[in-house]
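Undergrad: Below is the structure I would like to discuss, written out as structure tokens.
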Amino acid sequence: MDAKTLLRSGITDTPNLQRLMRSAVQAWKAHVCMVVEPETVRAGGAWRWVINDGHLGLRGSDFVAFLAGSRKDLHAPEKYEAPLLAEVRERAARFAIPLTSIRMLMTNRSIGYDAPGEDVTHDPQLDGISAALGQEEGVVEAQALTPTRVPLRCNFVSRTASPPGARALVPYAELLGTTLRLILGLDAEDAAQLENLLDTGEPAPAYWEQADLFDG
């Protein structure tokens, strides 16, 4: 059982899909995660796994995070406003996500700051850069390290994240966890939901029965 088989099954959203993904999230791998705003916003409730238009995603109250083995498997991304450097640093610090490079944009000027392999989140030099730019610099992209130190290029304008190398794959749990915590400003409730969903400790099922996925 893998993601391609699941997508060919024709299901969309069932309780058994939630149970399957609760274990598969630790074992299945993807190359890219793209976060989009859904057409309709749900008021509260638990996050759910969904399959929309042939794409597997995790849906929260005001976002859907799609996962795929290749960038070409997803729709063209929308463009979003770049968050300020202070916001990105706060998210990285709150969730202990090391940032090894940051690319900022100020009007029509791009500024890069990096230290390969080292966490630059708390560098005092960034404070000086921010002060010199009037604290109005938007972060276009940052390279973050997952819990197992896999580098992810996180683009805040397209809200996409992927590891270097067209064929590189990352477990869903690491790709989703790092992407959502860094790209979205998760509140305490959403952060707890994400932690509960990803940190299951359950093994992936050795087999599956397609009929079960359609059952309520």
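Residue names in the structure tokens use chain letters A, B, ... in the order shown, residue numbers from 1 in each chain, and ligand numbers from 1 in the order shown.
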Excluding Glu136 (chain A) and residues on its chain fewer than 5 positions from it, collect all residues at most 9 Å away from it, counting only C-alpha atoms, and give them as a PyMOL selection string.
TA: chain A and resi 84-85+106+130-131
Undergrad: Based on the backbone DSSP call, show me all residues of region 29-168 of chain A assigned alpha helix (DSSP H), as a ChimeraX atom specification.
TA: /A:85-94,124-132
Undergrad: Would you work out the distance separating CA of Ala76 (chain A) from CA of Arg103 (chain A), expressed in Å to one decimal?
TA: 21.8 Å
Undergrad: Let me make sure I understand: among A:Gln135, A:Ser110, A:Ser162, A:Asn155, which one has the smallest atom-to-atom distance to Lys29 (chain A) if we use only C-alpha atoms?
TA: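 Smallest distance to Lys29 (chain A) is found for A:Ser162.
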Undergrad: Calculated over only C-alpha atoms, which of the candidates A:Pro151, A:Gly134, A:Pro38, A:Pro77 has the smallest distance to Pro116 (chain A)?
TA: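 Between A:Pro151, A:Gly134, A:Pro38, A:Pro77, the residue approaching Pro116 (chain A) most closely is A:Pro151.
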Undergrad: Nearest to Met104 (chain A) among A:Glu81, A:Val139, A:Asn52, A:Val170, with distances taken over only C-alpha atoms: which residue is it?
TA: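 The shortest atom-to-atom distance to Met104 (chain A) comes from A:Val139.
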Undergrad: Could you list, as JSON, numbers by chain, every residue within 12 Å of Phe63 (chain A), counting only C-alpha atoms and ignoring same-chain residues fewer than 3 positions away?
TA: {"A": [34, 35, 36, 37, 38, 39, 40, 41, 42, 43, 44, 47, 48, 49, 50, 57, 58, 59, 60, 66, 159, 180, 183, 184, 185, 186, 190]}
Undergrad: Now that the selection is made, can you save its residues with C-alpha atoms as an mmCIF file, in the first residue's frame?
TA:
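Listed below is the output, again-v1.cif:
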data_model
loop_
_atom_site.group_PDB
_atom_site.id
_atom_site.type_symbol
_atom_site.label_atom_id
_atom_site.label_comp_id
_atom_site.auth_asym_id
_atom_site.auth_seq_id
_atom_site.Cartn_x
_atom_site.Cartn_y
_atom_site.Cartn_z
ATOM 1 C CA MET A 34 2.089 22.980 -0.677
ATOM 2 C CA VAL A 35 -0.185 24.913 1.682
ATOM 3 C CA VAL A 36 -3.264 26.549 0.156
ATOM 4 C CA GLU A 37 -6.331 28.386 1.379
ATOM 5 C CA PRO A 38 -9.510 26.325 0.787
ATOM 6 C CA GLU A 39 -12.578 27.778 -0.910
ATOM 7 C CA THR A 40 -14.557 27.278 2.290
ATOM 8 C CA VAL A 41 -13.316 27.733 5.851
ATOM 9 C CA ARG A 42 -14.336 25.254 8.549
ATOM 10 C CA ALA A 43 -15.107 26.595 12.005
ATOM 11 C CA GLY A 44 -12.985 24.602 14.448
ATOM 12 C CA TRP A 47 -7.912 18.331 11.250
ATOM 13 C CA ARG A 48 -8.712 15.712 8.605
ATOM 14 C CA TRP A 49 -6.984 13.922 5.765
ATOM 15 C CA VAL A 50 -8.700 14.522 2.427
ATOM 16 C CA GLY A 57 -3.815 16.606 1.758
ATOM 17 C CA LEU A 58 -4.271 17.456 5.412
ATOM 18 C CA ARG A 59 -7.080 19.941 6.029
ATOM 19 C CA GLY A 60 -7.200 22.338 8.951
ATOM 20 C CA PHE A 66 -1.101 18.887 -0.070
ATOM 21 C CA ARG A 159 3.849 28.357 0.531
ATOM 22 C CA LEU A 180 3.191 23.995 8.741
ATOM 23 C CA ILE A 183 4.923 28.797 7.100
ATOM 24 C CA LEU A 184 1.735 29.211 9.151
ATOM 25 C CA GLY A 185 1.378 31.168 12.366
ATOM 26 C CA LEU A 186 -0.104 28.262 14.342
ATOM 27 C CA ASP A 190 -3.516 24.174 16.127
#
Undergrad: For Val32 (chain A), which residue among A:Pro15, A:Pro171, A:Pro98, A:Gly69 is the nearest when counting only C-alpha atoms?
TA: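 Result for the nearest residue to Val32 (chain A): A:Gly69.
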